[in-house]
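Containing compact mmCIF, C-alpha atoms: upload28.txt.
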```txt
# COMPACT_ATOMS: atom_id res chain seq x y z
CA MET E 1 53.03 -8.22 -0.22
CA ILE E 2 56.22 -6.15 -0.38
CA ARG E 3 57.15 -2.58 0.54
CA VAL E 4 58.47 -0.28 -2.19
CA ASP E 5 59.80 3.25 -1.58
CA CYS E 6 59.48 4.68 -5.09
CA HIS E 7 61.51 7.88 -4.62
CA LEU E 8 64.59 8.52 -2.49
CA HIS E 9 68.02 10.16 -2.72
CA THR E 10 71.60 9.43 -1.72
CA VAL E 11 74.72 11.58 -1.42
CA TYR E 12 75.09 11.31 -5.19
CA SER E 13 72.19 13.75 -5.57
CA GLY E 14 74.40 16.57 -4.32
CA ASP E 15 71.68 17.91 -2.00
CA ALA E 16 71.23 14.71 0.06
CA VAL E 17 73.30 13.18 2.86
CA THR E 18 72.37 9.47 2.86
CA THR E 19 75.31 7.19 2.16
CA ILE E 20 74.83 3.70 0.74
CA ASP E 21 75.82 2.25 4.13
CA GLN E 22 73.15 4.38 5.82
CA LEU E 23 70.61 3.34 3.19
CA ALA E 24 71.34 -0.30 4.04
CA GLU E 25 70.86 0.45 7.74
CA ARG E 26 67.50 2.12 7.11
CA VAL E 27 66.36 -0.75 4.92
CA ALA E 28 66.99 -3.10 7.85
CA GLU E 29 65.22 -0.78 10.29
CA THR E 30 62.13 -0.10 8.14
CA GLY E 31 61.61 -3.47 6.50
CA LEU E 32 61.61 -2.09 2.97
CA ASP E 33 61.81 -4.76 0.30
CA VAL E 34 62.51 -2.54 -2.72
CA VAL E 35 64.07 0.92 -2.97
CA CYS E 36 64.00 3.11 -6.06
CA VAL E 37 67.18 5.17 -5.87
CA THR E 38 66.28 8.30 -7.83
CA ASP E 39 69.15 10.75 -7.45
CA HIS E 40 69.18 14.08 -9.22
CA HIS E 41 70.95 13.71 -12.56
CA SER E 42 72.95 10.65 -11.47
CA VAL E 43 72.58 6.87 -11.42
CA GLN E 44 75.85 6.34 -9.55
CA GLY E 45 74.22 5.84 -6.16
CA ALA E 46 71.70 3.41 -7.60
CA ALA E 47 74.47 1.48 -9.36
CA GLU E 48 76.51 1.30 -6.15
CA ALA E 49 73.50 0.13 -4.14
CA LEU E 50 72.68 -2.43 -6.84
CA ALA E 51 76.21 -3.82 -6.76
CA ARG E 52 76.08 -4.34 -3.00
CA ASP E 53 73.88 -6.32 -0.66
CA ILE E 54 71.86 -3.57 1.02
CA GLY E 55 69.11 -5.93 2.13
CA ALA E 56 66.56 -4.80 -0.47
CA ARG E 57 66.09 -5.00 -4.21
CA VAL E 58 67.27 -1.84 -5.96
CA ILE E 59 65.54 -0.16 -8.90
CA VAL E 60 67.82 2.20 -10.79
CA GLY E 61 66.15 5.56 -11.24
CA GLU E 62 66.94 9.21 -11.82
CA GLU E 63 65.08 12.43 -11.05
CA ILE E 64 65.55 14.52 -14.16
CA ARG E 65 64.94 18.24 -14.47
CA THR E 66 63.29 19.00 -17.81
CA THR E 67 62.39 22.39 -19.23
CA ALA E 68 58.81 21.72 -18.04
CA GLY E 69 59.46 20.30 -14.56
CA GLU E 70 60.89 17.15 -13.03
CA LEU E 71 60.31 13.59 -14.18
CA ILE E 72 61.67 10.33 -12.79
CA GLY E 73 62.78 7.43 -14.93
CA LEU E 74 62.47 4.04 -13.20
CA PHE E 75 64.29 0.88 -14.31
CA LEU E 76 66.92 2.88 -16.17
CA ALA E 77 70.02 1.38 -17.72
CA GLU E 78 71.92 4.67 -18.05
CA ARG E 79 71.78 8.30 -16.99
CA ILE E 80 69.67 10.84 -18.88
CA PRO E 81 71.00 14.43 -19.20
CA TYR E 82 69.10 17.20 -17.44
CA VAL E 83 67.36 20.35 -18.73
CA LEU E 84 66.27 18.72 -21.97
CA PRO E 85 62.76 19.28 -23.37
CA VAL E 86 60.21 17.10 -21.61
CA ASP E 87 59.31 15.22 -24.80
CA GLU E 88 62.93 14.26 -25.37
CA VAL E 89 63.29 13.05 -21.79
CA VAL E 90 60.19 10.87 -22.16
CA THR E 91 61.60 9.45 -25.40
CA ARG E 92 64.94 8.68 -23.76
CA ILE E 93 63.29 6.99 -20.78
CA ARG E 94 61.08 4.87 -23.03
CA ALA E 95 64.04 3.96 -25.26
CA GLN E 96 65.56 2.18 -22.25
CA GLY E 97 62.39 0.19 -21.61
CA ALA E 98 61.94 2.25 -18.45
CA LEU E 99 58.90 3.87 -16.82
CA VAL E 100 57.96 7.56 -16.70
CA TYR E 101 57.02 8.67 -13.18
CA ALA E 102 55.76 12.15 -12.24
CA PRO E 103 57.08 13.17 -8.79
CA HIS E 104 55.28 15.74 -6.59
CA PRO E 105 53.43 17.08 -9.68
CA PHE E 106 51.50 19.83 -7.86
CA ASP E 107 54.12 21.07 -5.38
CA PRO E 108 54.67 24.76 -6.23
CA VAL E 109 57.94 25.07 -4.29
CA ARG E 110 59.72 22.47 -6.40
CA SER E 111 60.28 21.94 -10.11
CA SER E 112 56.97 20.18 -10.74
CA LEU E 113 55.03 19.49 -13.92
CA GLY E 114 51.80 21.18 -12.85
CA ASP E 115 48.28 20.39 -14.02
CA ALA E 116 48.55 21.40 -17.69
CA MET E 117 51.76 19.50 -18.45
CA LEU E 118 50.68 16.47 -16.41
CA GLY E 119 47.46 16.35 -18.40
CA ARG E 120 49.24 16.76 -21.70
CA LEU E 121 51.63 13.90 -21.00
CA ALA E 122 48.86 11.67 -19.65
CA GLU E 123 46.55 12.26 -22.60
CA ARG E 124 49.36 11.44 -25.04
CA GLY E 125 50.22 8.22 -23.21
CA ASP E 126 53.63 9.58 -22.21
CA LEU E 127 53.18 9.05 -18.47
CA ASP E 128 53.10 5.76 -16.58
CA ILE E 129 52.80 6.64 -12.87
CA VAL E 130 51.71 9.66 -10.85
CA GLU E 131 53.21 10.14 -7.39
CA VAL E 132 50.10 10.60 -5.25
CA PHE E 133 51.92 10.65 -1.91
CA ASN E 134 55.23 12.43 -1.44
CA ALA E 135 56.28 12.56 2.21
CA LYS E 136 58.02 15.93 1.81
CA VAL E 137 55.25 18.11 0.43
CA SER E 138 54.50 21.10 2.63
CA ASP E 139 50.75 21.04 2.04
CA PRO E 140 48.76 17.75 1.96
CA GLU E 141 46.47 19.34 -0.62
CA HIS E 142 49.20 18.90 -3.22
CA ASN E 143 49.15 15.13 -2.68
CA ARG E 144 45.35 15.14 -2.85
CA LEU E 145 45.46 16.95 -6.20
CA ALA E 146 47.95 14.40 -7.50
CA ALA E 147 45.71 11.51 -6.43
CA GLU E 148 42.74 13.18 -8.08
CA ALA E 149 44.71 13.63 -11.32
CA ALA E 150 45.83 9.99 -11.30
CA ARG E 151 42.20 8.90 -11.05
CA ARG E 152 41.12 11.36 -13.74
CA TYR E 153 43.68 10.08 -16.23
CA GLY E 154 43.41 6.43 -15.23
CA LEU E 155 47.05 6.20 -14.16
CA PRO E 156 48.47 4.08 -11.33
CA ALA E 157 49.65 5.68 -8.09
CA GLY E 158 53.19 5.90 -6.80
CA ALA E 159 54.42 6.88 -3.34
CA GLY E 160 57.84 7.79 -2.05
CA SER E 161 59.64 9.27 0.90
CA ASP E 162 61.69 11.62 -1.30
CA ALA E 163 64.18 11.16 1.53
CA HIS E 164 67.34 13.24 1.41
CA ASP E 165 68.46 12.06 4.86
CA PRO E 166 68.63 8.57 6.38
CA VAL E 167 65.77 9.00 8.84
CA GLY E 168 63.36 9.83 6.03
CA VAL E 169 63.86 6.59 4.12
CA GLY E 170 60.61 4.63 4.23
CA ALA E 171 58.45 7.55 5.40
CA ALA E 172 56.19 6.69 2.44
CA TYR E 173 55.98 3.56 0.35
CA LEU E 174 53.69 1.24 -1.60
CA GLU E 175 52.56 -2.08 -0.18
CA MET E 176 52.00 -4.25 -3.24
CA PRO E 177 52.38 -7.74 -4.72
CA ASP E 178 55.87 -8.75 -5.76
CA PHE E 179 56.84 -8.11 -9.38
CA ASP E 180 59.39 -9.01 -12.01
CA GLY E 181 60.57 -6.11 -14.16
CA PRO E 182 59.02 -2.81 -15.24
CA ALA E 183 55.97 -4.16 -17.09
CA ASP E 184 54.98 -6.39 -14.17
CA PHE E 185 55.64 -3.57 -11.70
CA LEU E 186 53.27 -1.34 -13.66
CA ALA E 187 50.62 -4.06 -13.81
CA LYS E 188 50.82 -4.78 -10.08
CA LEU E 189 50.45 -1.11 -9.11
CA GLY E 190 46.70 -1.52 -9.48
CA GLU E 191 46.79 -3.65 -6.32
CA ALA E 192 49.09 -1.33 -4.37
CA ARG E 193 48.23 0.40 -1.10
CA VAL E 194 49.80 3.77 -0.24
CA VAL E 195 51.36 3.98 3.23
CA GLY E 196 53.09 7.02 4.66
CA GLU E 197 53.27 10.14 6.74
CA LEU E 198 54.18 13.71 5.85
CA ARG E 199 57.54 14.98 7.05
CA ASP E 200 57.34 18.54 5.62
CA HIS E 201 61.13 18.77 5.29
CA ALA E 202 61.48 17.65 8.90
CA PRO E 203 64.86 18.07 10.59
CA LEU E 204 66.91 14.96 11.20
CA GLY E 205 65.43 12.65 13.80
CA LEU E 206 62.05 14.36 14.09
CA ILE E 207 59.94 11.72 12.36
CA GLY E 208 60.77 8.10 11.76
CA PRO E 209 59.15 5.77 9.22
CA PRO E 210 56.54 3.15 10.03
CA ARG E 211 58.00 -0.10 11.32
CA ARG E 212 56.96 -3.71 10.88
CA GLY E 213 54.91 -5.43 13.54
```
Target format structure tokens, applied to this file:
Amino acid sequence: MIRVDCHLHTVYSGDAVTTIDQLAERVAETGLDVVCVTDHHSVQGAAEALARDIGARVIVGEEIRTTAGELIGLFLAERIPYVLPVDEVVTRIRAQGALVYAPHPFDPVRSSLGDAMLGRLAERGDLDIVEVFNAKVSDPEHNRLAAEAARRYGLPAGAGSDAHDPVGVGAAYLEMPDFDGPADFLAKLGEARVVGELRDHAPLGLIGPPRRG
């Protein structure tokens, strides 16, 4: 079994402070095996982490603001522009052979899809993964609603720290069988276990991630 943080940010997001060196340090401290680097409107941090030995496998991702809320593309080959219609963003993600991931879909304080849009995408087969545990939501009820929606639409669960600072990396992750590529990742999510703790936008140093052993 491996540990996968499906959603985190580096300095390339513009609103985060984690450098690639700090990401490597946190990988060593938390025992993460895979990190999905999902910066806002940039794949530069993911590309830099991928080109270096940070101690974990790197999945190139991007958190993309659409006109209907945010989506994440996982296993991207290139950046997708922001503030496009949601259908176009889905098409562009799929054109790269990548996966469509709905982050914090019920969090009202962020640019989230919400119930109606989540349902529309799910029913059309335009959604691959629902983030059922985001470590930064202010109210645990929003994670519960996401988990309920994932079950309702028969979609696999994702979990991520949504870390914007080094100490947050690994605050939430999936424990799952190893995988090879996006299709296998999606297939193995059915065996994944969600692990994590809420940080509620905690200040630096307040809460650390779970550690091995």
Margin query: Please list as an MDAnalysis selection string every residue within 12 Å of Val37 in chain E, counting all atoms listed in the file and excluding residues in the same chain fewer than 6 positions away.
Written below: chainID E and resid 4:13 16 18:20 23 43:50 56:63 72:76 160:164 169
I want to know what sits within 9 Å of range 87-91 of chain E, based on all atoms listed in the file, with residues of the same chain fewer than 2 positions away left out; could you give that as a PDB file with C-alpha atoms, in the coordinates of the input?
```
ATOM      1  CA  ILE E  64      65.550  14.520 -14.160  1.00  0.00           C
ATOM      2  CA  THR E  66      63.290  19.000 -17.810  1.00  0.00           C
ATOM      3  CA  LEU E  71      60.310  13.590 -14.180  1.00  0.00           C
ATOM      4  CA  GLY E  73      62.780   7.430 -14.930  1.00  0.00           C
ATOM      5  CA  ILE E  80      69.670  10.840 -18.880  1.00  0.00           C
ATOM      6  CA  PRO E  81      71.000  14.430 -19.200  1.00  0.00           C
ATOM      7  CA  TYR E  82      69.100  17.200 -17.440  1.00  0.00           C
ATOM      8  CA  VAL E  83      67.360  20.350 -18.730  1.00  0.00           C
ATOM      9  CA  LEU E  84      66.270  18.720 -21.970  1.00  0.00           C
ATOM     10  CA  PRO E  85      62.760  19.280 -23.370  1.00  0.00           C
ATOM     11  CA  ILE E  93      63.290   6.990 -20.780  1.00  0.00           C
ATOM     12  CA  ARG E  94      61.080   4.870 -23.030  1.00  0.00           C
ATOM     13  CA  ALA E  95      64.040   3.960 -25.260  1.00  0.00           C
ATOM     14  CA  GLN E  96      65.560   2.180 -22.250  1.00  0.00           C
ATOM     15  CA  LEU E  99      58.900   3.870 -16.820  1.00  0.00           C
ATOM     16  CA  VAL E 100      57.960   7.560 -16.700  1.00  0.00           C
ATOM     17  CA  LEU E 121      51.630  13.900 -21.000  1.00  0.00           C
ATOM     18  CA  ASP E 126      53.630   9.580 -22.210  1.00  0.00           C
ATOM     19  CA  LEU E 127      53.180   9.050 -18.470  1.00  0.00           C
TER      20      LEU E 127
END
```
Check: To one decimal place, how far is CA of Val137 in chain E from CA of Asp107 in chain E in Å?
Finding: 6.6 Å
Next item on the list: Write out as a list in words the residues lying within 10 Å of Arg3 in chain E, counting all atoms listed in the file and excluding same-chain residues fewer than 3 positions away.
Entry: Cys6, Thr30, Gly31, Leu32, Asp33, Val34, Val35, Ala56, Gly170, Ala172, Tyr173, Leu174, Glu175, Met176, Pro177, Asp178, Ala192, Arg193, Val194 and Val195 of chain E
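Take the candidates E:Gly125, E:Pro166, E:Leu198, E:Phe133 and check each one against Asp21 in chain E using all atoms listed in the file; the shortest distance goes to E:Pro166.
CA of Ala159 in chain E is positioned 18.3 Å from CA of Asp115 in chain E.
Taking CA of Pro140 in chain E and CA of Val109 in chain E as endpoints, the distance between them is 13.3 Å.
The nearest approach to Pro103 in chain E among the residues E:Gly14, E:Val132, E:Arg152, E:Gly55, with all atoms listed in the file taken into account, belongs to E:Val132.
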Kindly list the centre and edge lengths in Å, rounded to one decimal, for the axis-aligned box that covers all listed atoms of range 180-195 of chain E plus 3 Å on each of its six sides, as AutoDock Vina command-line options.
```
--center_x 53.6 --center_y -2.5 --center_z -6.9 --size_x 19.9 --size_y 19.0 --size_z 26.3
```
Margin query: Calculated over all atoms listed in the file, which of the candidates E:Ile2, E:Tyr153, E:Asp139, E:Arg79 has the smallest distance to Phe185 in chain E?
Written below: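 Nearest to Phe185 in chain E: E:Ile2.
Nearest to Ile54 in chain E of all the residues E:Gly158, E:Glu123, E:Ala28, E:Leu113 is E:Ala28, counting only C-alpha atoms.
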Notebook entry, point to check: With distances taken over all atoms listed in the file, which of E:Ala147, E:Ala51, E:Val86, E:Leu155 is nearest to Leu186 in chain E?
Noted result: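 The shortest atom-to-atom distance to Leu186 in chain E comes from E:Leu155.
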Item checked: Protein, DNA and RNA residues within 12 Å of (44.1, 14.8, -3.6), all atoms listed in the file, as number ranges by chain -> E: 104-107, 130-134, 139-152, 157
